[in-house]
>>> print(open('target06.csv').read())   # CSV, C-alpha atoms and all ligand atoms
chain,number,residue,atom,x,y,z
A,66,MET,CA,0.0,0.0,0.0
A,67,ASN,CA,2.8,2.4,1.0
A,68,GLN,CA,4.8,1.5,-2.1
A,69,ASN,CA,1.7,2.2,-4.2
A,70,ARG,CA,1.2,5.6,-2.6
A,71,GLN,CA,4.8,6.6,-3.2
A,72,ASP,CA,4.4,5.7,-6.9
A,73,ILE,CA,1.5,8.2,-7.4
A,74,LYS,CA,2.7,11.1,-9.4
A,75,VAL,CA,-0.5,13.0,-9.8
A,76,ARG,CA,-3.6,12.9,-7.6
A,77,LEU,CA,-6.7,15.0,-8.5
A,78,SER,CA,-9.4,15.0,-5.8
A,79,LEU,CA,-12.8,16.3,-6.9
A,80,ILE,CA,-11.4,19.1,-9.0
A,81,THR,CA,-13.9,21.6,-10.4
A,82,LYS,CA,-13.7,24.7,-12.6
A,83,GLU,CA,-16.4,27.2,-12.5
A,84,TYR,CA,-16.3,29.9,-15.1
A,85,ASP,CA,-18.1,33.3,-14.7
A,86,LEU,CA,-19.8,34.3,-17.9
A,87,TYR,CA,-19.3,38.1,-17.8
A,88,LYS,CA,-20.6,40.0,-20.7
A,89,ARG,CA,-18.0,42.8,-20.4
A,90,LYS,CA,-14.5,43.1,-18.9
A,91,SER,CA,-15.8,45.9,-16.6
A,92,ASP,CA,-18.4,43.5,-15.1
A,93,LYS,CA,-15.5,41.3,-13.9
A,94,ILE,CA,-14.0,44.2,-12.0
A,95,LYS,CA,-17.4,45.2,-10.6
A,96,ALA,CA,-17.9,41.7,-9.4
A,97,LEU,CA,-14.8,41.9,-7.1
A,98,PHE,CA,-16.6,44.6,-5.1
A,99,ARG,CA,-20.0,42.9,-5.0
A,100,PHE,CA,-20.9,40.8,-2.0
A,101,SER,CA,-23.1,38.4,-3.9
A,102,GLN,CA,-22.2,36.5,-7.1
A,103,LYS,CA,-25.8,35.4,-7.6
A,104,ASN,CA,-26.6,37.6,-10.7
A,105,ILE,CA,-23.5,36.5,-12.6
A,106,PRO,CA,-24.2,33.5,-14.9
A,107,HIS,CA,-21.9,30.6,-14.1
A,108,PHE,CA,-20.7,27.6,-16.1
A,109,TRP,CA,-19.0,24.6,-14.7
A,110,GLY,CA,-16.3,23.5,-17.2
A,111,VAL,CA,-15.3,20.7,-14.9
A,112,LYS,CA,-17.7,19.2,-12.3
A,113,GLY,CA,-15.5,17.4,-9.8
A,114,ILE,CA,-13.1,14.9,-11.2
A,115,SER,CA,-10.9,12.5,-9.2
A,116,VAL,CA,-8.0,10.5,-10.5
A,117,GLU,CA,-4.7,9.0,-9.5
A,118,VAL,CA,-1.9,8.6,-12.0
A,119,LYS,CA,1.4,6.7,-11.5
A,120,SER,CA,4.9,7.3,-12.7
A,121,GLY,CA,5.5,6.2,-16.2
A,122,GLU,CA,1.8,6.3,-17.2
A,123,ALA,CA,0.6,8.1,-20.3
A,124,ILE,CA,-2.9,9.2,-19.9
A,125,GLY,CA,-5.0,10.3,-22.9
A,126,LEU,CA,-7.7,12.9,-22.5
A,127,ILE,CA,-10.5,12.4,-25.0
A,128,GLY,CA,-14.0,13.9,-25.5
A,129,ILE,CA,-16.1,16.0,-27.8
A,130,ASN,CA,-15.5,19.8,-28.2
A,131,GLY,CA,-16.0,21.7,-24.9
A,132,SER,CA,-15.9,18.6,-22.7
A,133,GLY,CA,-13.2,20.0,-20.4
A,134,LYS,CA,-10.0,18.5,-21.7
A,135,SER,CA,-8.0,21.8,-22.0
A,136,THR,CA,-9.4,23.1,-18.7
A,137,ILE,CA,-7.9,20.0,-17.0
A,138,SER,CA,-4.6,20.3,-18.8
A,139,ASN,CA,-4.4,24.0,-17.9
A,140,ILE,CA,-5.1,23.2,-14.2
A,141,LEU,CA,-2.5,20.5,-14.2
A,142,ALA,CA,0.0,22.9,-15.7
A,143,GLY,CA,-0.8,25.6,-13.1
A,144,ILE,CA,-1.9,28.0,-15.8
A,145,ILE,CA,-5.4,28.4,-14.3
A,146,PRO,CA,-6.4,27.6,-10.7
A,147,GLN,CA,-9.1,25.0,-9.9
A,148,THR,CA,-12.3,26.4,-8.3
A,149,THR,CA,-12.4,23.7,-5.6
A,150,GLY,CA,-10.6,20.4,-5.0
A,151,ASP,CA,-7.1,19.2,-4.2
A,152,MET,CA,-4.3,18.7,-6.7
A,153,MET,CA,-1.1,16.8,-5.7
A,154,ILE,CA,1.7,16.7,-8.3
A,155,ASN,CA,4.9,15.1,-7.3
A,156,GLY,CA,7.5,17.0,-9.4
A,157,GLU,CA,7.7,19.7,-12.1
A,158,THR,CA,5.2,20.0,-14.9
A,159,SER,CA,5.6,21.4,-18.4
A,160,ILE,CA,2.8,22.0,-20.9
A,161,ILE,CA,3.0,22.0,-24.7
A,162,ALA,CA,0.0,23.6,-26.3
A,163,ILE,CA,-0.1,25.4,-29.6
A,164,GLY,CA,1.7,28.7,-28.8
A,165,ALA,CA,1.2,28.4,-25.1
A,166,GLY,CA,3.6,30.8,-23.3
A,167,LEU,CA,5.4,31.9,-26.4
A,168,LYS,CA,5.8,35.7,-26.8
A,169,PRO,CA,4.7,36.6,-30.4
A,170,GLN,CA,7.0,39.7,-30.6
A,171,LEU,CA,10.2,37.7,-29.7
A,172,THR,CA,12.2,35.5,-32.0
A,173,GLY,CA,12.4,31.8,-31.6
A,174,ILE,CA,15.8,32.1,-29.9
A,175,GLU,CA,14.6,34.8,-27.6
A,176,ASN,CA,11.6,32.7,-26.6
A,177,ILE,CA,13.9,29.8,-25.9
A,178,ARG,CA,16.0,31.9,-23.6
A,179,LEU,CA,13.0,33.6,-21.9
A,180,LYS,CA,11.2,30.3,-21.2
A,181,CYS,CA,14.4,28.6,-19.9
A,182,LEU,CA,15.2,31.6,-17.6
A,183,MET,CA,11.6,31.5,-16.3
A,184,SER,CA,12.1,27.9,-15.5
A,185,GLY,CA,15.2,28.7,-13.4
A,186,PHE,CA,18.0,27.8,-15.9
A,187,THR,CA,21.2,29.9,-15.8
A,188,ASN,CA,22.4,31.6,-18.9
A,189,GLU,CA,25.3,29.1,-19.1
A,190,GLN,CA,22.9,26.2,-18.9
A,191,ILE,CA,20.8,27.8,-21.6
A,192,ASP,CA,23.9,28.3,-23.8
A,193,ASP,CA,24.7,24.5,-23.4
A,194,LEU,CA,21.1,23.5,-24.3
A,195,MET,CA,20.5,26.1,-27.1
A,196,ASP,CA,21.9,24.1,-30.0
A,197,ASP,CA,19.9,20.9,-29.1
A,198,ILE,CA,16.7,22.9,-28.7
A,199,ILE,CA,17.2,24.6,-32.1
A,200,SER,CA,18.1,21.4,-33.8
A,201,PHE,CA,15.0,19.6,-32.3
A,202,ALA,CA,12.7,22.4,-33.4
A,203,ASP,CA,14.3,22.3,-36.9
A,204,LEU,CA,12.9,25.7,-38.0
A,205,GLY,CA,15.8,26.8,-40.2
A,206,ASP,CA,16.2,30.5,-40.5
A,207,PHE,CA,12.8,31.1,-38.9
A,208,ILE,CA,14.4,30.6,-35.5
A,209,ASP,CA,15.6,34.3,-35.8
A,210,GLN,CA,12.1,35.5,-36.8
A,211,PRO,CA,9.4,36.8,-34.4
A,212,VAL,CA,7.1,34.0,-33.4
A,213,LYS,CA,4.1,36.0,-34.7
A,214,ASN,CA,5.3,35.1,-38.2
A,215,TYR,CA,5.2,31.3,-37.4
A,216,SER,CA,2.5,28.9,-38.6
A,217,SER,CA,0.7,26.9,-35.9
A,218,GLY,CA,2.9,23.9,-36.8
A,219,MET,CA,6.0,25.9,-36.3
A,220,ARG,CA,4.8,27.2,-32.9
A,221,SER,CA,4.1,23.7,-31.9
A,222,ARG,CA,7.6,22.6,-32.9
A,223,LEU,CA,9.2,25.4,-30.9
A,224,GLY,CA,7.0,24.7,-27.9
A,225,PHE,CA,7.7,21.0,-28.0
A,226,ALA,CA,11.5,21.5,-28.4
A,227,ILE,CA,11.6,23.8,-25.4
A,228,ALA,CA,9.3,21.7,-23.2
A,229,VAL,CA,11.1,18.3,-23.7
A,230,HIS,CA,14.5,19.9,-22.9
A,231,HIS,CA,13.1,21.1,-19.6
A,232,ASN,CA,13.1,17.5,-18.6
A,233,PRO,CA,9.8,17.8,-16.6
A,234,ASP,CA,8.4,15.0,-14.4
A,235,VAL,CA,5.0,15.5,-15.8
A,236,LEU,CA,4.6,16.4,-19.5
A,237,ILE,CA,1.2,17.8,-20.6
A,238,ILE,CA,0.6,17.8,-24.4
A,239,ASP,CA,-2.6,19.6,-25.5
A,240,GLU,CA,-3.3,19.0,-29.2
A,241,ALA,CA,0.2,20.1,-30.0
A,242,LEU,CA,0.9,17.1,-32.2
A,243,SER,CA,-2.1,17.6,-34.4
A,244,VAL,CA,-0.5,20.5,-36.3
A,245,GLY,CA,3.0,19.0,-37.0
A,246,ASP,CA,4.0,17.1,-40.2
A,247,ASP,CA,4.7,13.4,-40.1
A,248,THR,CA,8.5,13.6,-39.6
A,249,PHE,CA,8.1,16.0,-36.6
A,250,TYR,CA,5.2,13.9,-35.3
A,251,GLN,CA,7.4,10.7,-35.2
A,252,LYS,CA,10.3,12.6,-33.5
A,253,CYS,CA,7.9,13.8,-30.8
A,254,VAL,CA,6.3,10.4,-30.3
A,255,ASP,CA,9.8,8.8,-29.9
A,256,ARG,CA,10.7,11.4,-27.3
A,257,ILE,CA,7.3,10.9,-25.5
A,258,LEU,CA,8.0,7.1,-25.4
A,259,GLU,CA,11.5,7.7,-24.0
A,260,PHE,CA,10.0,9.9,-21.3
A,261,LYS,CA,7.6,7.1,-20.4
A,262,GLU,CA,10.5,4.7,-20.1
A,263,GLN,CA,12.2,7.1,-17.8
A,264,GLY,CA,9.2,6.9,-15.4
A,265,LYS,CA,7.8,10.3,-16.4
A,266,THR,CA,4.0,10.9,-16.5
A,267,ILE,CA,2.3,12.1,-19.7
A,268,PHE,CA,-1.1,13.7,-20.1
A,269,PHE,CA,-2.0,13.7,-23.8
A,270,VAL,CA,-5.0,15.7,-25.1
A,271,SER,CA,-6.0,14.7,-28.6
A,272,HIS,CA,-9.0,14.3,-31.0
A,273,SER,CA,-6.9,11.8,-32.9
A,274,LEU,CA,-7.7,8.3,-31.7
A,275,PRO,CA,-4.8,6.7,-33.6
A,276,GLN,CA,-2.4,9.2,-31.7
A,277,ILE,CA,-4.1,8.2,-28.4
A,278,LYS,CA,-3.6,4.5,-29.2
A,279,THR,CA,0.1,5.1,-30.0
A,280,VAL,CA,1.0,7.1,-26.9
A,281,CYS,CA,-1.4,6.2,-24.1
A,282,ASP,CA,-1.8,3.4,-21.6
A,283,LYS,CA,-5.0,4.7,-20.0
A,284,VAL,CA,-7.6,7.2,-21.0
A,285,ILE,CA,-9.9,9.7,-19.3
A,286,TRP,CA,-13.1,10.3,-21.3
A,287,MET,CA,-14.4,13.8,-20.5
A,288,HIS,CA,-18.1,14.5,-21.2
A,289,TYR,CA,-19.6,17.9,-20.5
A,290,GLY,CA,-17.4,18.5,-17.5
A,291,GLU,CA,-17.7,15.0,-16.1
A,292,MET,CA,-15.2,12.2,-16.2
A,293,ARG,CA,-17.4,9.7,-17.9
A,294,GLU,CA,-14.8,6.9,-17.9
A,295,PHE,CA,-11.2,6.3,-16.8
A,296,GLY,CA,-9.5,3.1,-17.5
A,297,GLU,CA,-7.4,1.0,-19.9
A,298,MET,CA,-6.9,2.7,-23.3
A,299,GLU,CA,-8.5,0.0,-25.5
A,300,GLU,CA,-11.6,-0.2,-23.5
A,301,VAL,CA,-12.3,3.5,-23.0
A,302,VAL,CA,-11.5,4.3,-26.7
A,303,ALA,CA,-13.9,1.5,-27.8
A,304,HIS,CA,-16.7,2.9,-25.6
A,305,TYR,CA,-16.1,6.5,-26.8
A,306,GLN,CA,-16.3,5.3,-30.5
A,307,GLU,CA,-19.6,3.6,-29.7
A,308,PHE,CA,-20.9,6.9,-28.3
A,309,ILE,CA,-19.7,8.8,-31.3
A,310,GLN,CA,-21.4,6.4,-33.7
A,311,TRP,CA,-24.6,6.6,-31.6
A,312,PHE,CA,-24.5,10.4,-31.5
A,313,ARG,CA,-23.9,10.7,-35.3
A,314,LYS,CA,-27.1,8.7,-35.9
A,315,LEU,CA,-29.3,11.2,-34.0
A,316,SER,CA,-31.2,13.8,-36.0
A,317,ALA,CA,-30.1,17.4,-35.8
A,318,LYS,CA,-33.0,18.2,-33.4
A,319,GLU,CA,-32.1,15.3,-31.1
A,320,LYS,CA,-28.4,16.3,-31.1
A,321,GLN,CA,-29.3,19.8,-30.2
A,322,GLU,CA,-31.6,18.6,-27.4
A,323,TYR,CA,-28.9,16.3,-26.0
A,324,GLN,CA,-26.3,19.2,-26.0
A,325,ASP,CA,-28.8,21.7,-24.5
A,326,GLU,CA,-29.6,19.3,-21.6
A,327,TYR,CA,-26.0,18.7,-20.7
A,328,LYS,CA,-25.1,22.4,-21.0
A,329,ARG,CA,-28.1,23.2,-18.7
A,330,GLN,CA,-26.7,20.8,-16.1
A,331,GLN,CA,-23.3,22.5,-16.4
A,332,ARG,CA,-24.9,25.9,-15.8
A,333,GLU,CA,-27.1,24.7,-12.9
A,334,PHE,CA,-24.5,22.5,-11.1
A,335,SER,CA,-24.4,23.7,-7.5
A,336,GLU,CA,-22.3,23.5,-4.4
A,337,GLU,CA,-25.0,21.1,-3.0
A,338,ASP,CA,-24.4,18.8,-6.0
A,339,LEU,CA,-20.7,18.9,-5.4
A,340,ARG,CA,-21.2,18.2,-1.7
A,341,ALA,CA,-23.3,15.2,-2.5
A,342,LYS,CA,-20.6,14.0,-4.9
A,343,ALA,CA,-17.9,14.4,-2.2
A,344,LEU,CA,-20.0,12.4,0.2
A,345,ALA,CA,-20.6,9.6,-2.4
A,346,GLN,CA,-16.9,9.4,-3.2
A,347,GLY,CA,-15.9,9.4,0.5
A,348,PHE,CA,-14.1,12.8,0.6
A,349,ASP,CA,-14.3,15.1,3.7
A,350,GLU,CA,-15.4,18.8,3.6
A,351,SER,CA,-11.9,20.1,3.1
A,352,VAL,CA,-11.9,19.0,-0.5
A,353,LEU,CA,-14.8,21.5,-1.1
A,354,GLN,CA,-12.4,24.4,-0.5
A,355,GLY,CA,-10.6,26.2,-3.3
A,356,PRO,CA,-7.9,28.7,-3.9
A,357,SER,CA,-10.1,31.2,-5.8
A,358,ILE,CA,-10.4,34.7,-4.3
A,359,GLY,CA,-13.4,35.5,-6.6
A,360,LYS,CA,-15.4,32.9,-4.7
A,361,MET,CA,-15.0,34.5,-1.3
A,362,SER,CA,-18.2,34.5,0.8
A,363,GLY,CA,-20.0,37.8,1.5
A,364,LEU,CA,-18.7,37.8,5.1
A,365,THR,CA,-15.1,37.2,4.0
A,366,LYS,CA,-15.4,40.0,1.4
A,367,MET,CA,-16.7,42.4,4.1
A,368,MET,CA,-13.8,41.5,6.4
A,369,VAL,CA,-11.3,42.1,3.6
A,370,VAL,CA,-12.9,45.5,2.8
A,371,ALA,CA,-12.9,46.4,6.6
A,372,ALA,CA,-9.2,45.4,6.9
A,373,THR,CA,-8.3,47.4,3.8
A,374,ILE,CA,-10.1,50.5,5.2
A,375,LEU,CA,-8.4,50.2,8.6
A,376,LEU,CA,-5.0,49.7,6.9
A,377,MET,CA,-5.6,52.9,4.8
A,378,PHE,CA,-6.7,54.8,7.8
A,379,PHE,CA,-3.7,53.9,10.0
A,380,GLY,CA,-1.4,54.3,7.0
A,381,THR,CA,-2.7,57.9,6.5
A,382,LEU,CA,-2.2,58.6,10.2
A,383,HIS,CA,1.4,57.4,10.0
A,384,VAL,CA,2.2,59.4,6.8
A,385,THR,CA,0.6,62.7,8.0
A,386,ASN,CA,2.0,62.3,11.5
A,387,LYS,CA,-1.5,62.8,13.1
A,388,SER,CA,-2.6,61.1,16.3
A,389,PHE,CA,-5.4,58.6,16.5
A,390,LYS,CA,-6.9,60.6,19.4
A,391,SER,CA,-7.0,63.9,17.6
A,392,ILE,CA,-8.7,62.3,14.6
A,393,ILE,CA,-11.3,60.7,16.8
A,394,GLN,CA,-12.0,64.1,18.4
A,395,ASN,CA,-12.2,65.8,15.0
A,396,PRO,CA,-12.3,63.5,12.0
A,397,ALA,CA,-12.0,66.4,9.5
A,398,ARG,CA,-8.4,66.8,10.6
A,399,LEU,CA,-7.5,63.6,8.7
A,400,PHE,CA,-7.9,65.5,5.5
A,401,SER,CA,-6.5,68.8,6.6
A,402,SER,CA,-2.8,69.7,6.0
A,403,GLU,CA,-2.5,70.8,9.7
A,404,HIS,CA,0.2,68.8,11.5
A,405,VAL,CA,-1.0,67.4,14.9
A,406,MET,CA,1.8,66.4,17.1
A,407,PRO,CA,1.3,63.6,19.6
A,408,SER,CA,1.5,65.0,23.1
A,409,ALA,CA,4.7,63.2,24.1
A,410,GLU,CA,6.4,64.4,20.9
A,411,ARG,CA,5.0,67.9,21.5
A,412,ALA,CA,6.4,67.8,25.1
A,413,SER,CA,9.9,66.7,23.9
A,414,SER,CA,9.8,69.2,21.1
A,415,LEU,CA,8.9,72.0,23.6
A,416,ASP,CA,11.8,70.8,25.8
A,417,SER,CA,14.3,70.9,22.9
A,418,ALA,CA,13.0,74.4,22.0
A,419,ALA,CA,13.5,75.5,25.5
A,420,ASP,CA,17.0,74.0,25.4
A,421,ARG,CA,17.8,75.8,22.2
A,422,TYR,CA,16.6,79.0,23.7
A,423,THR,CA,18.9,78.5,26.7
A,424,LEU,CA,21.8,77.6,24.4
A,425,TRP,CA,21.5,80.7,22.3
A,426,ASN,CA,20.5,83.1,24.9
A,427,GLY,CA,22.4,81.8,27.8
B,501,LIG,N1,-12.5,31.3,-20.0
B,501,LIG,C1,-13.7,30.7,-20.1
B,501,LIG,N2,-14.8,31.3,-19.8
B,501,LIG,C2,-16.0,30.7,-19.9
B,501,LIG,N3,-16.2,29.4,-20.3
B,501,LIG,C3,-15.1,28.7,-20.7
B,501,LIG,C4,-13.8,29.3,-20.6
B,501,LIG,N4,-12.8,28.4,-21.0
B,501,LIG,C5,-13.5,27.3,-21.3
B,501,LIG,N5,-14.9,27.5,-21.1
B,501,LIG,C6,-15.9,26.5,-21.3
B,501,LIG,O1,-15.6,25.3,-20.5
B,501,LIG,C7,-16.0,24.2,-21.3
B,501,LIG,C8,-14.7,23.3,-21.4
B,501,LIG,O2,-13.8,23.9,-22.2
B,501,LIG,P1,-12.4,23.3,-22.7
B,501,LIG,O3,-11.7,24.2,-23.5
B,501,LIG,O4,-11.8,22.7,-21.5
B,501,LIG,O5,-13.0,22.0,-23.6
B,501,LIG,P2,-12.1,21.0,-24.5
B,501,LIG,O6,-12.6,19.7,-24.2
B,501,LIG,O7,-10.7,21.3,-24.4
B,501,LIG,O8,-12.7,21.5,-25.9
B,501,LIG,P3,-12.0,21.4,-27.4
B,501,LIG,O9,-11.9,19.9,-27.7
B,501,LIG,O10,-12.9,22.1,-28.3
B,501,LIG,O11,-10.6,22.0,-27.3
B,501,LIG,C9,-16.5,24.6,-22.6
B,501,LIG,O12,-17.9,24.6,-22.6
B,501,LIG,C10,-16.0,26.1,-22.8
B,501,LIG,O13,-16.9,26.9,-23.5
>>> encode(input="target06.csv", output="structure tokens")
Amino acid sequence: MNQNRQDIKVRLSLITKEYDLYKRKSDKIKALFRFSQKNIPHFWGVKGISVEVKSGEAIGLIGINGSGKSTISNILAGIIPQTTGDMMINGETSIIAIGAGLKPQLTGIENIRLKCLMSGFTNEQIDDLMDDIISFADLGDFIDQPVKNYSSGMRSRLGFAIAVHHNPDVLIIDEALSVGDDTFYQKCVDRILEFKEQGKTIFFVSHSLPQIKTVCDKVIWMHYGEMREFGEMEEVVAHYQEFIQWFRKLSAKEKQEYQDEYKRQQREFSEEDLRAKALAQGFDESVLQGPSIGKMSGLTKMMVVAATILLMFFGTLHVTNKSFKSIIQNPARLFSSEHVMPSAERASSLDSAADRYTLWNG
């Protein structure tokens, strides 16, 4: 049992992602100061998934468009926080998604240096790695061009070359192999298989079932924010194909009704539903907590606002050198330019004035 626990590289416990569907950017800022989030439409992109993955396993993420695959890969990579749930990752992660983290204005070489510096490499280490990364990306003269001039396949090559040279413990690949040509695809697959042999963990998001079959041992089938199935690759892929065949046979109206119903469930999913899920899966209450500041309760928000006002008040007192007592006696003094000296300070300043008078006048 202990051995098994040590071997676990990634553990997701009831992970959710709730998106706020703001109409305008300004609504997002306004919401920070609102005590209730009730009037903002919500959408649960991920509705509480739990999974344990071991070292050396390659996990495929499959599912129709909008089922939550990229949301999970972004949470795993730390690009976005989960709304609730626990995530344990034993080691470093690196994500390869088309263009993820690449700065369009910088050249290929500049992007390599920037991403490596951000990952904690020294300039000497980067100099040692640079030729290998450039050779893996195989972009010719384009390596000196700004990334904004790259095709999606070229961005994917650069992203892949950088990520595999970071030597991460957990490699997340989000559709990045779908845009490369056959030669590059084979080079990437070989490197992924090498990683697996070294005991690294791979998460592989793809719509291509042949790619999933080449790379993955196990598969997570995502369906409208739920993990519909997690298990051996062959079995889950077969069930997914059966679903796709069934879905294709539906009429346009039936397809629409099916999608509308699941989307409704994603909009109306509630904390009570999540609590029930936690209970059913044997989790305790702590798994219902999350890191998101936007989801603070009304009381917490009030306390944060009160603390901020107090901080500003005492900060102003400190900067303007006014005493708490004098402001309580006359609050208008807080905004006046008059300097109110605390009594002890006033006494000592009177003493020193008297001393100066004695010194000068004898
Ligand atoms: N920033 C966001 N704000 C609101 N909703 C979002 C946001 N990002 C994703 N979503 C919604 O969450 C759901 C899951 O999206 P996600 O991109 O994870 O799906 P996916 O399975 O990767 O889709 P695809 O196969 O099309 O790439 C979708 O319904 C999507 O519309």
>>> atom_distance(input="target06.csv", atom1="atom CA of Glu157 of chain A", atom2="atom CA of Asp247 of chain A")
28.9 Å
>>> closest_residue(input="target06.csv", among="A:Tyr289, A:Phe225, A:Phe312, A:Phe378", to="Gly113 of chain A", atoms="only C-alpha atoms")
A:Tyr289
>>> residues_near_ligand(input="target06.csv", ligand="ligand LIG 501 (chain B)", cutoff="7 Å", atoms="all atoms listed in the file", output="MDAnalysis selection string")
chainID A and resid 84:86 108:110 128:137 290
>>> atom_distance(input="target06.csv", atom1="atom CA of Pro211 of chain A", atom2="atom CA of Met195 of chain A")
17.1 Å
>>> residues_around(input="target06.csv", residues="Tyr305 of chain A", least_positions_apart="4", cutoff="8 Å", atoms="all atoms listed in the file", output="PyMOL selection string")
chain A and resi 128+286+301+309
>>> residues_around(input="target06.csv", residues="His304 of chain A", least_positions_apart="3", cutoff="12 Å", atoms="all atoms listed in the file", output="compact mmCIF listing (two decimals) with C-alpha atoms, in the coordinates of the input")
# COMPACT_ATOMS: atom_id res chain seq x y z
CA ILE A 127 -10.50 12.40 -25.00
CA GLY A 128 -14.00 13.90 -25.50
CA VAL A 284 -7.60 7.20 -21.00
CA ILE A 285 -9.90 9.70 -19.30
CA TRP A 286 -13.10 10.30 -21.30
CA ARG A 293 -17.40 9.70 -17.90
CA GLU A 294 -14.80 6.90 -17.90
CA PHE A 295 -11.20 6.30 -16.80
CA GLY A 296 -9.50 3.10 -17.50
CA GLU A 297 -7.40 1.00 -19.90
CA MET A 298 -6.90 2.70 -23.30
CA GLU A 299 -8.50 0.00 -25.50
CA GLU A 300 -11.60 -0.20 -23.50
CA VAL A 301 -12.30 3.50 -23.00
CA GLU A 307 -19.60 3.60 -29.70
CA PHE A 308 -20.90 6.90 -28.30
CA ILE A 309 -19.70 8.80 -31.30
CA GLN A 310 -21.40 6.40 -33.70
CA TRP A 311 -24.60 6.60 -31.60
>>> atom_distance(input="target06.csv", atom1="atom CA of Ile140 of chain A", atom2="atom CA of Ile80 of chain A")
9.1 Å
>>> residues_around(input="target06.csv", residues="segment 345-351 of chain A", least_positions_apart="2", cutoff="12 Å", atoms="all atoms listed in the file", output="JSON, numbers by chain")
{"A": [77, 78, 79, 80, 113, 114, 115, 116, 149, 150, 151, 336, 337, 338, 339, 340, 341, 342, 343, 353, 354, 355, 356]}
>>> residues_around(input="target06.csv", residues="Thr148 of chain A", least_positions_apart="4", cutoff="6 Å", atoms="all atoms listed in the file", output="list in words")
Thr81, Lys82, Glu83, Gly355 and Ser357 of chain A
>>> residues_around(input="target06.csv", residues="Ala228 of chain A", least_positions_apart="5", cutoff="9 Å", atoms="all atoms listed in the file", output="list of chain:residue names")
A:Ser159, A:Ile160, A:Ile161, A:Leu223, A:Pro233, A:Leu236
>>> closest_residue(input="target06.csv", among="A:Gln330, A:Gln306, A:Gln324, A:Ser221", to="Ser273 of chain A", atoms="all atoms listed in the file")
A:Gln306
>>> closest_residue(input="target06.csv", among="A:Met152, A:Ile105, A:Ile393, A:Ile191", to="Arg332 of chain A", atoms="all atoms listed in the file")
A:Ile105
>>> axis_aligned_box(input="target06.csv", around="segment 107-118 of chain A", padding_each_side="3 Å", output="lines of an AutoDock Vina configuration file")
center_x = -11.9
center_y = 19.6
center_z = -13.2
size_x = 26.0
size_y = 28.0
size_z = 14.0
>>> closest_residue(input="target06.csv", among="A:Ser200, A:Ser217, A:Thr381, A:Ser316", to="Pro169 of chain A", atoms="all atoms listed in the file")
A:Ser217
>>> residues_near_point(input="target06.csv", point="(-2.5, 7.4, -14.4)", cutoff="10 Å", atoms="all atoms listed in the file", output="PyMOL selection string")
chain A and resi 73-76+116-125+266-268+281-285+295-297
